[in-house]
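Student: Before we start, here is the structure in question, set down as structure tokens.
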Protein chains: 2
Amino acid sequence: MREAGAGGGGSQSDGLESLSITTIRMLALDAVQKANSGHPGMPLGMAPAAYVLWTRFLKFSPENPFWPDRDRFVLSAGHGSALLYAMLHLTGHDMPMDELRNFRQWESKTPGHPEYLPGSGIETTTGPLGQGFATGVGMAMAEAHLAAIFNREGYPLVDHFTYAIASDGDMMEGIASEAASLAGDLKLNKLVYIYDSNHITLSADTRLTFTEDAGKRFEAYGWHVQKVADANDAKAIEAALARARQEAERPSLIIIRSHIGYGSPVQDTFKAHGSPMSPEQVKDTRAFYGWPPDAQFYVPGEVRSHMLQAGHAGAVREDEWNALLDDYGKEHPELRKRWDLMMGGRLPDGWDRDIPFFAADGNGIATRKAGGRIMNAISERVPALIGGSADLDPSTNTALVGRGSFQPPRTGDESVQGAVPGPWGYEAANIAYGVREHAMGGITNGLALHGGLLPFAATFFIFSDYMRPAMRLAALMNLRVIYVFTHDSVGLGQDGPTHEPVEHLASFRAMPNMTLIRPADANETAEAWRLAMTREGPVALILSRQDLPVLDRERYAPASGLRRGGYILSDSSPELPELVIIATGSEVHPALAAYEQLAGEGVKARLVSLPSWEIFEEQGAEYRRQVLPAGPAYVSVEAGAGLGWRRYVGTDGAIVSLERFGASAPGEDVLKRLGFSKDIIYQKATEVLDKR
Amino acid sequence: MREAGAGGGGSQSDGLESLSITTIRMLALDAVQKANSGHPGMPLGMAPAAYVLWTRFLKFSPENPFWPDRDRFVLSAGHGSALLYAMLHLTGHDMPMDELRNFRQWESKTPGHPEYLPGSGIETTTGPLGQGFATGVGMAMAEAHLAAIFNREGYPLVDHFTYAIASDGDMMEGIASEAASLAGDLKLNKLVYIYDSNHITLSADTRLTFTEDAGKRFEAYGWHVQKVADANDAKAIEAALARARQEAERPSLIIIRSHIGYGSPVQDTFKAHGSPMSPEQVKDTRAFYGWPPDAQFYVPGEVRSHMLQAGHAGAVREDEWNALLDDYGKEHPELRKRWDLMMGGRLPDGWDRDIPFFAADGNGIATRKAGGRIMNAISERVPALIGGSADLDPSTNTALVGRGSFQPPRTGDESVQGAVPGPWGYEAANIAYGVREHAMGGITNGLALHGGLLPFAATFFIFSDYMRPAMRLAALMNLRVIYVFTHDSVGLGQDGPTHEPVEHLASFRAMPNMTLIRPADANETAEAWRLAMTREGPVALILSRQDLPVLDRERYAPASGLRRGGYILSDSSPELPELVIIATGSEVHPALAAYEQLAGEGVKARLVSLPSWEIFEEQGAEYRRQVLPAGPAYVSVEAGAGLGWRRYVGTDGAIVSLERFGASAPGEDVLKRLGFSKDIIYQKATEVLDKR
């Protein structure tokens with residue numbers, strides 16, 4: 001396959017094109033070699049495709065990488081990061097050559113896998129395969145949604161493509177399958193993915209592992225599929241991209257048969273995938289491309305100006321777009337206001353005005369149901385709120401009534417089962433993800449990354465496991481996304497242990513940047529939503545399936561205490577307590593009952609509601625000491641793994657927790673049998689009191 | 001679609017067949033109604049398919065549900081559990097009618113979703129969608145492997161099918177896509193899946209979410225796809241199953257167009273999916289089927305004997321098979337010995353004899369590399385060991401050299417890149433999973449559930465996130481599976497934060513039944529493998545990418561201390577220590593350096609290696625107190641989230657942990673900058689000592 005002396009970008013490329021492509025390849029190679037770590041094979045194989053895409057199609061303006069109508073580019077095959085960095089450098093983004101020299105070093109802009117860096121042209125963090133694929137789908141959905149809302153005759157304010165380069169590994173990952181199926185359903189025609197089909201993965205020839213007909217599979221999903229037989233055939237790549245952009249109804253996959261490590265002695269072997277080459281191999285590769293043997297991080301002058309030209313052209317288009325936006329504002333002042341609000345990521349004044357207050361009620365309401373009412377109250381005033389569930393709306397209570405079903409236009413109507421009242425089309429805010437949690441997680445990231453939207457994703461708490469890799473990326477990028485996780489404990493009952501979270505609170509408390517809030521009643525849920533809407537970084541709301549009493553806030557402290565993560569719900573005495581019971585979520589209620597009994601018996605007791613550890617830990621030490629002073633006996637109560645609670649209850653405190661899987665039986669039955677009852681809490685409290 | 005009065009199993013069924021199918025439907029309906037909770041829709045729709053499969057094809061012997069050559073049946077659509085329970089009851093399994101009456105009640109055999117119950121006919125736990133699909137693929141792989149090893153001319157000792165019923169939701173889940181793609185690759189022709197295509201999911205018509213051409217997709221994977229237009233057409237179902245069983249090279253998918261809640265007033269609506277019906281609706285449904293209005297858990301006598309007949313026929317086949325096994329033993333005594341050993345789940349005498357001892361070495365060896373040598377030493381003596389990685393063999397070091405590549409026969413050879421030396425075919429033990437972690441997790445469960453094998457699965461620790469839902473099921477079922485997770489901390493370095501575990505140790509410590517072992521050096525790794533091979537329940541080995549010194553066991557305590565989870569590696573004084581440093585894995589080494597420095601300065605110090613919290617907690621309180629006495633100052637060191645460590649270091653101890661994401665830079669650089677150096681540990685230790 002390797003044709004010695006063919007060099008450059010292949011026979012069908014002209015001189016400057018060929019030289020540019022070689023420059024890209026050599027920059028990526030230099031970065032990997034200097035770091036002595038990285039993945040040279042993908043950039044060597046795919047440089048021509050990247051060159052064609054960036055110079056002939058991609059709409060971007062390096063001086064304003066935040067231009068809302070830029071095309072989005074996702075390197076789903078994140079291990080090929082050196083290719084992306086080389087492209088960003090050459091096209092004039094804020095990616096100086098020193099950063100390429102600093103590839104994979106401490107605090108460089110050029111980490112081993114691309115990390116979301118607003119303003120640099122790195123649109124999202126990739127590396128864990130499949131994630132970028134789904135994230136790009138989310139970006140395209142955001143584009144479709146904003147276009148449907150804002151575009152008006154003569155004003156195509158939102159009109160951009162989402163491109164990605166994906167690898168064999170991406171194609172194998174389940175998240176990509178889920179996202180591809182949904183993208184086909186949704187007819188996202190402005191999604192154009194290039195599949196780097198090099199037949200080699202990290203460890204093997206794909207003959208060992210991946211013999212399916214991927215093109216046919218994507219056709220089955222409803223995609224437009226093209227094949228390019230030679231990754232060096234820039235003309236064919238250009239033609240395929242042009243055709244893909246003309247597609248009116250289908251997302252596009254362009255399968256490019258490429259050669260990993262093209263032009264190097266390790267071409268077509270997995271040795272080219274993830275390891276730097278030997279000096280000999282580098283020398284040989286340079287010779288193949290006719291590159292000066294000692295050139296390092298070298299960019300010929302004509303390549304420099306040629307590649308910058310793409311950015312200049314984009315800047316001109318951005319100027320035109322800015323003029324369009326000005327005119328748009330004159331003709332559609334209300335829409336323009338809304339545009340500025342949404343694209344600025346701001347909430348309208350009074351956005352939370354309609355959030356209900358829930359009257360005290362001993363029977364109460366499940367926090368998932370309260371959450372549904374609250375979300376709907378927010379949704380009416382916050383057009384940026386968009387999202388959906390992985391086929392669980394009737395149970396998660398997350399449908400935004402009146403805001404319709406996010407669907408391709410003219411394909412159906414409200415009478416389809418499961419459609420949400422309101423518009424049918426891309427302008428709608430309710431996304432039916434199907435049973436595809438992982439794609440939902442990745443798409444939610446894409447919705448947030450695109451800009452203009454505040455996305456939420458809902459499912460049962462247990463199924464957070466299915467979307468965990470995507471949630472981790474949201475945390476790593478510190479994205480503003482809201483997870484609505486209902487059915488939060490063994491209290492859900494009869495669906496049984498496969499559906500009952502146990503370890504999940506602890507497992508997310510261990511994840512940096514992730515904020516969990518597990519409210520105790522409807523009014524804490526309202527406060528939790530207030531907080532989630534304004535907080536940086538991902539927030540997970542953990543809500544009950546079962547009804548919970550609405551606490552009497554005349555008698556107990558106001559729910560606004562939730563804003564500090566944890567607060568004193570009740571003190572039985574003005575003095576320093578001798579006993580503190582800490583609880584979260586549904587367990588606040590049996591804890592309260594135990595507290596009342598103890599207080600009735602004269603114990604100086606305190607009940608603390610601690611819905612969010614993360615927020616509580618952000619408070620000053622003084623506040624924390626005030627709520628949880630040194631001295632008293634401590635009991636914590638939470639229907640989940642006890643891991644971590646020792647921090648709050650101290651060495652001698654009691655932890656009422658769950659150290660086994662749940663069981664299938666009516667929820668109250670399960671909770672009682674597993675120890676979450678007033679009596680058990682009372683007993684544990686008297687034990688810790690007696691020990692002192 | 002609902003044809004009033006059509007009743008029974010459809011027009012093409014004879015009387016007894018029709019009556020049997022109605023009985024199945026009514027039993028499932030009764031169970032759901034009595035529990036007032038559950039999913040009636042799927043059993044009503046799919047009872048005919050279940051009837052045909054169980055009475056005409058499925059090979060089982062109710063009196064010996066452990067018969068190794070039985071067909072395996074997986075209800076991937078686990079929410080249809082009432083259908084499975086009805087079938088088990090009617091066919092004579094250990095599933096008394098009282099258990100059906102006790103559906104979804106505390107400690108019944110009939111939980112909301114099927115829970116693996118050896119001996120009951122429930123072959124695996126399902127409910128989280130997609131899991132059963134992948135688990136079935138693992139069962140079929142186990143069958144192919146054992147058949148290749150044991151079958152001899154005239155002795156088809158292993159010759160059974162794996163069947164499943166899967167739903168729309170299963171088809172949408174990424175794990176099922178991954179597993180389907182791999183099953184096609186592997187040409188698992190004895191895998192026969194029935195797809196209950198009812199066009200309705202929990203919340204919606206599939207027109208909203210799932211418009212792909214699933215049949216075409218499966219053809220693209222290399223499956224044989226058939227369609228049955230009417231779920232009540234027992235003859236067509238029978239014909240399709242018969243054809244599927246004749247397929248020589250492809251797994252089979254039979255897409256049955258069914259009607260959820262068939263025959264009920266909520267037929268074809270998602271109201272039939274997950275909620276019991278009203279008494280009126282039940283009455284109406286009974287009338288549709290011509291069922292006595294007041295009959296409850298009723299089985300007509302002729303149905304009873306007819307359905308038991310299938311089990312009786314199976315028992316006869318089992319007798320024949322037992323005779324075959326006897327003859328086989330006479331003709332192939334060595335194979336028979338091996339058969340008994342493997343099917344008995346026992347390890348051969350001296351199985352660990354070749355596990356190397358690693359000499360003390362200051363430069364040392366990465367525990368992943370030591371692990372590779374250890375596994376290979378085990379593999380030569382333990383034929384039951386089988387497994388692979390999700391495309392990371394060269395990095396996880398988990399290839400079993402000489403045991404070849406698990407591939408369909410006659411499709412390639414060792415010269416394919418990534419093939420492992422040894423046989424090429426189903427008899428080989430190295431499974432190339434491709435970049436499909438989630439399917440790997442589910443398949444590993446299937447390999448374990450089938451019997452005869454001890455499976456392992458390997459990937460980077462970070463990608464445990466991708467397979468977490470399957471790992472949770474392994475824990476719930478307490479399966480003997482071994483996870484080999486390498487690249488265990490930010491010490492992996494340049495691949496950066498997307499590849500660096502932080503929260504993962506804590507997140508699995510919170511999961512019931514999961515045992516983690518993070519060895520500190522090569523000899524602890526050997527002990528960890530010894531333990532993993534003999535322990536009940538899933539074990540995860542957490543191994544380093546970077547080289548770690550091999551501790552001098554003349555100077556420090558022997559690595560066999562690992563068998564107790566944690567042990568005193570060194571005491572600087574025979575007296576009670578004033579300082580205890582606890583560390584795990586790679587952090588034992590900087591901790592040791594700090595310990596030595598402190599000891600040199602006269603501090604009465606102790607260093608504890610704590611590779612497994614779970615095993616340590618199983619030791620008696622006395623041992624634990626002996627290792628971690630009350631009194632001293634404590635410091636813990638682990639390159640991961642500190643969540644949970646307070647338990648060991650007490651209120652005043654110091655936790656050297658990681659409360660942020662990692663970074664891309666050379667590993668040593670990252671570790672030092674993030675605080676995992678001798679100097680930081682020394683400093684923390686002096687601080688806790690000073691505080692006292």
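Ligands are numbered from 1 in the order shown, chains are lettered A, B, ... in the order of the structure tokens, and residues start at 1 in each chain.
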Within 12 Å of Ser37 of chain B, counting only C-alpha atoms, which residues qualify if same-chain residues fewer than 2 places away don't, as a PyMOL selection string?
Tutor: (chain A and resi 492-496+664-667) or (chain B and resi 28-35+39-40+79-82+102-105+111-113+272-278)
Student: Now that the selection is made, can you save its residues with C-alpha atoms as a compact mmCIF listing (two decimals), in the first residue's frame?
Tutor:
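This went into part_6.txt:
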```txt
# COMPACT_ATOMS: atom_id res chain seq x y z
CA LEU A 492 -38.78 2.26 44.83
CA GLY A 493 -39.64 -1.23 45.89
CA GLN A 494 -41.03 -3.81 43.58
CA ASP A 495 -38.83 -3.37 40.55
CA GLY A 496 -36.18 -4.93 42.74
CA SER A 664 -38.14 -6.68 45.26
CA ALA A 665 -41.12 -5.99 47.51
CA PRO A 666 -43.37 -3.02 48.19
CA GLY A 667 -41.15 -0.02 48.88
CA ALA B 28 -48.84 -13.71 34.08
CA LEU B 29 -51.79 -11.36 34.26
CA ASP B 30 -52.90 -12.82 37.59
CA ALA B 31 -49.44 -12.39 39.06
CA VAL B 32 -49.26 -8.75 38.03
CA GLN B 33 -52.77 -8.01 39.25
CA LYS B 34 -52.28 -9.72 42.59
CA ALA B 35 -49.06 -7.76 43.18
CA HIS B 39 -45.65 -5.46 33.37
CA PRO B 40 -48.61 -7.31 31.88
CA HIS B 79 -39.67 -6.62 32.82
CA GLY B 80 -41.67 -9.48 31.28
CA SER B 81 -40.66 -11.63 34.25
CA ALA B 82 -44.19 -12.85 34.85
CA ASN B 102 -46.12 -13.97 45.72
CA PHE B 103 -44.94 -12.02 42.70
CA ARG B 104 -42.81 -9.00 43.66
CA GLN B 105 -42.98 -9.74 47.40
CA PRO B 111 -39.03 -10.61 42.03
CA GLY B 112 -40.00 -7.75 39.75
CA HIS B 113 -37.21 -8.62 37.35
CA ALA B 272 -49.91 -1.92 28.88
CA HIS B 273 -46.19 -1.79 29.46
CA GLY B 274 -45.51 -1.21 33.09
CA SER B 275 -48.70 -0.92 35.08
CA PRO B 276 -51.33 -3.35 36.25
CA MET B 277 -54.75 -3.01 34.70
CA SER B 278 -57.96 -1.90 36.29
```
Student: Taking the chain letters and numbering used in this document, name the residues of segment 145-211 of chain B that DSSP puts in strand (DSSP E or B), as a list of chain:residue names.
Tutor: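 Those in segment 145-211 of chain B that DSSP calls strand (DSSP E or B) are B:Arg152, B:Tyr155, B:Thr162, B:Tyr163, B:Ala164, B:Ile165, B:Ala166, B:Ser167, B:Leu191, B:Val192, B:Tyr193, B:Ile194, B:Tyr195, B:Asp196, B:Ser197, B:Ile200, B:Asp205.
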Student: Just checking: using only C-alpha atoms, which residue out of A:Thr55, A:Ser61, A:Ser657, A:Thr91 ends up closest to chain B?
Tutor: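 Of all the options, A:Ser657 lies closest to chain B.
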Student: Which residues are near Leu689 of chain B? Cut-off 12 Å, only C-alpha atoms, ignore same chain within fewer than 5 positions. Put them as a list in words.
Tutor: Pro577, Glu578, Leu579, Val580, Ile581, Leu598, Val603, Lys604, Ala605, Gly631, Pro632, Ala633, Tyr634, Val635, Asp652, Gly653, Ala654, Tyr682, Gln683 and Lys684 of chain B
Student: Please, could you write that set of residues out with N, CA, C and O atoms as a CSV table (one decimal), in the first residue's frame?
Tutor:
```csv
chain,number,residue,atom,x,y,z
B,577,PRO,N,3.1,1.9,67.7
B,577,PRO,CA,3.5,3.0,66.9
B,577,PRO,C,2.9,4.3,67.3
B,577,PRO,O,1.8,4.3,67.9
B,578,GLU,N,3.6,5.4,67.1
B,578,GLU,CA,2.9,6.7,67.3
B,578,GLU,C,2.4,7.2,66.0
B,578,GLU,O,1.6,8.2,66.0
B,579,LEU,N,2.8,6.6,64.9
B,579,LEU,CA,2.3,7.0,63.6
B,579,LEU,C,2.1,5.8,62.7
B,579,LEU,O,3.0,4.9,62.7
B,580,VAL,N,0.9,5.7,62.1
B,580,VAL,CA,0.7,4.7,61.1
B,580,VAL,C,0.4,5.3,59.7
B,580,VAL,O,-0.4,6.2,59.6
B,581,ILE,N,1.2,4.9,58.8
B,581,ILE,CA,0.9,5.3,57.4
B,581,ILE,C,0.3,4.2,56.7
B,581,ILE,O,0.8,3.1,56.7
B,598,LEU,N,11.1,9.0,58.5
B,598,LEU,CA,10.6,9.3,59.8
B,598,LEU,C,11.2,8.3,60.8
B,598,LEU,O,11.6,8.7,61.9
B,603,VAL,N,11.0,8.4,64.9
B,603,VAL,CA,9.6,8.2,65.1
B,603,VAL,C,9.2,6.8,65.1
B,603,VAL,O,9.7,6.0,64.3
B,604,LYS,N,8.4,6.4,66.1
B,604,LYS,CA,7.9,5.0,66.1
B,604,LYS,C,6.8,4.9,65.1
B,604,LYS,O,5.7,5.3,65.3
B,605,ALA,N,7.2,4.4,63.9
B,605,ALA,CA,6.3,4.5,62.8
B,605,ALA,C,5.9,3.1,62.3
B,605,ALA,O,6.6,2.1,62.6
B,631,GLY,N,-5.0,4.9,68.9
B,631,GLY,CA,-4.0,5.7,69.5
B,631,GLY,C,-3.0,6.4,68.6
B,631,GLY,O,-2.9,7.6,68.8
B,632,PRO,N,-2.4,5.8,67.7
B,632,PRO,CA,-1.4,6.5,66.8
B,632,PRO,C,-2.1,7.6,66.0
B,632,PRO,O,-3.3,7.6,65.8
B,633,ALA,N,-1.2,8.4,65.5
B,633,ALA,CA,-1.6,9.4,64.4
B,633,ALA,C,-1.6,8.6,63.1
B,633,ALA,O,-0.9,7.7,62.9
B,634,TYR,N,-2.6,9.0,62.2
B,634,TYR,CA,-2.8,8.2,61.0
B,634,TYR,C,-2.6,9.1,59.8
B,634,TYR,O,-3.0,10.3,59.8
B,635,VAL,N,-2.0,8.5,58.7
B,635,VAL,CA,-2.0,9.2,57.4
B,635,VAL,C,-2.3,8.1,56.4
B,635,VAL,O,-1.8,7.0,56.5
B,652,ASP,N,-8.9,12.7,63.2
B,652,ASP,CA,-7.7,13.7,63.2
B,652,ASP,C,-6.7,13.2,62.2
B,652,ASP,O,-5.7,13.9,62.0
B,653,GLY,N,-6.9,12.1,61.5
B,653,GLY,CA,-5.8,11.7,60.6
B,653,GLY,C,-5.8,12.5,59.3
B,653,GLY,O,-6.7,13.3,59.0
B,654,ALA,N,-4.7,12.3,58.6
B,654,ALA,CA,-4.5,13.1,57.3
B,654,ALA,C,-4.8,12.1,56.2
B,654,ALA,O,-4.4,10.9,56.2
B,682,TYR,N,5.6,12.9,54.0
B,682,TYR,CA,6.4,13.2,55.2
B,682,TYR,C,5.9,14.4,55.9
B,682,TYR,O,5.7,14.4,57.1
B,683,GLN,N,5.6,15.4,55.1
B,683,GLN,CA,5.0,16.6,55.7
B,683,GLN,C,3.7,16.4,56.4
B,683,GLN,O,3.5,16.9,57.5
B,684,LYS,N,2.8,15.7,55.7
B,684,LYS,CA,1.5,15.4,56.4
B,684,LYS,C,1.7,14.6,57.7
B,684,LYS,O,1.0,14.8,58.6
```
Student: Kindly indicate which residue among B:Gly640, B:Gly434, B:Pro356, B:Gly344 lies nearest to chain A, using only C-alpha atoms for the distances.
Tutor: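 Going through B:Gly640, B:Gly434, B:Pro356, B:Gly344 one by one, the smallest distance to chain A is for B:Gly434.
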Student: Counting only C-alpha atoms, what is within 8 Å of segment 544-555 of chain B, bar same-chain residues fewer than 3 positions away, as a PyMOL selection string?
Tutor: chain B and resi 358-368+486-489+491-492+520-523+558-559+585-586+589+667
Student: Find the residue from A:Ala528, A:Ile165, A:Ala399, A:Met46 that sits nearest to chain B; use only C-alpha atoms when measuring.
Tutor: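 Using only C-alpha atoms, chain B sits closest to A:Ala399.
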Student: Find the residues around Gly301 of chain B up to 12 Å (only C-alpha atoms counted), leave out those fewer than 5 positions away in its own chain, and share them as a list in words.
Tutor: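 The contact residues come out as Leu16, Leu19, Ser20, Thr23, Leu90, His306, Met307 and Leu308 of chain B.
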Student: Could you name the residues that touch segment 219-221 of chain A at 6 Å or less, counting only C-alpha atoms, but leaving out those on the same chain fewer than 5 positions away, as a PDB file with N, CA and C atoms, in the first residue's frame?
Tutor:
```pdb
ATOM      1  N   SER A 181     -28.264   5.867  15.836  1.00  0.00           N
ATOM      2  CA  SER A 181     -29.658   5.482  15.617  1.00  0.00           C
ATOM      3  C   SER A 181     -30.587   6.682  15.847  1.00  0.00           C
ATOM      4  N   GLY A 184     -30.317   9.306  13.096  1.00  0.00           N
ATOM      5  CA  GLY A 184     -31.083   8.909  11.919  1.00  0.00           C
ATOM      6  C   GLY A 184     -32.570   9.174  12.114  1.00  0.00           C
TER       7      GLY A 184
ATOM      8  N   GLU B 212     -35.273   3.144  12.925  1.00  0.00           N
ATOM      9  CA  GLU B 212     -34.277   2.453  12.106  1.00  0.00           C
ATOM     10  C   GLU B 212     -34.811   1.116  11.597  1.00  0.00           C
ATOM     11  N   ASP B 213     -34.106   0.571  10.626  1.00  0.00           N
ATOM     12  CA  ASP B 213     -34.423  -0.754  10.110  1.00  0.00           C
ATOM     13  C   ASP B 213     -33.561  -1.764  10.864  1.00  0.00           C
ATOM     14  N   LYS B 216     -32.184  -4.835   9.012  1.00  0.00           N
ATOM     15  CA  LYS B 216     -31.044  -4.543   8.141  1.00  0.00           C
ATOM     16  C   LYS B 216     -29.771  -4.335   8.969  1.00  0.00           C
ATOM     17  N   ARG B 217     -29.939  -3.684  10.100  1.00  0.00           N
ATOM     18  CA  ARG B 217     -28.773  -3.485  10.965  1.00  0.00           C
ATOM     19  C   ARG B 217     -28.173  -4.819  11.377  1.00  0.00           C
TER      20      ARG B 217
END
```
Student: Could you check which of A:Ala204, A:Leu157, A:Ala313, A:Leu117 is closest to chain B, using only C-alpha atoms?
Tutor: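 Among A:Ala204, A:Leu157, A:Ala313, A:Leu117, it is A:Ala204 that comes nearest to chain B.
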Student: Calculate how many Å separate atom CA of Pro512 of chain A from atom CA of Arg660 of chain B, rounding to one decimal.
Tutor: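 Distance between the two atoms: 5.3 Å.
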Student: What's the 7 Å shell around segment 503-509 of chain B, counting only C-alpha atoms, without same-chain residues fewer than 4 positions away, as an MDAnalysis selection string?
Tutor: (chainID A and resid 506:507 510:511) or (chainID B and resid 514 640:641 643)
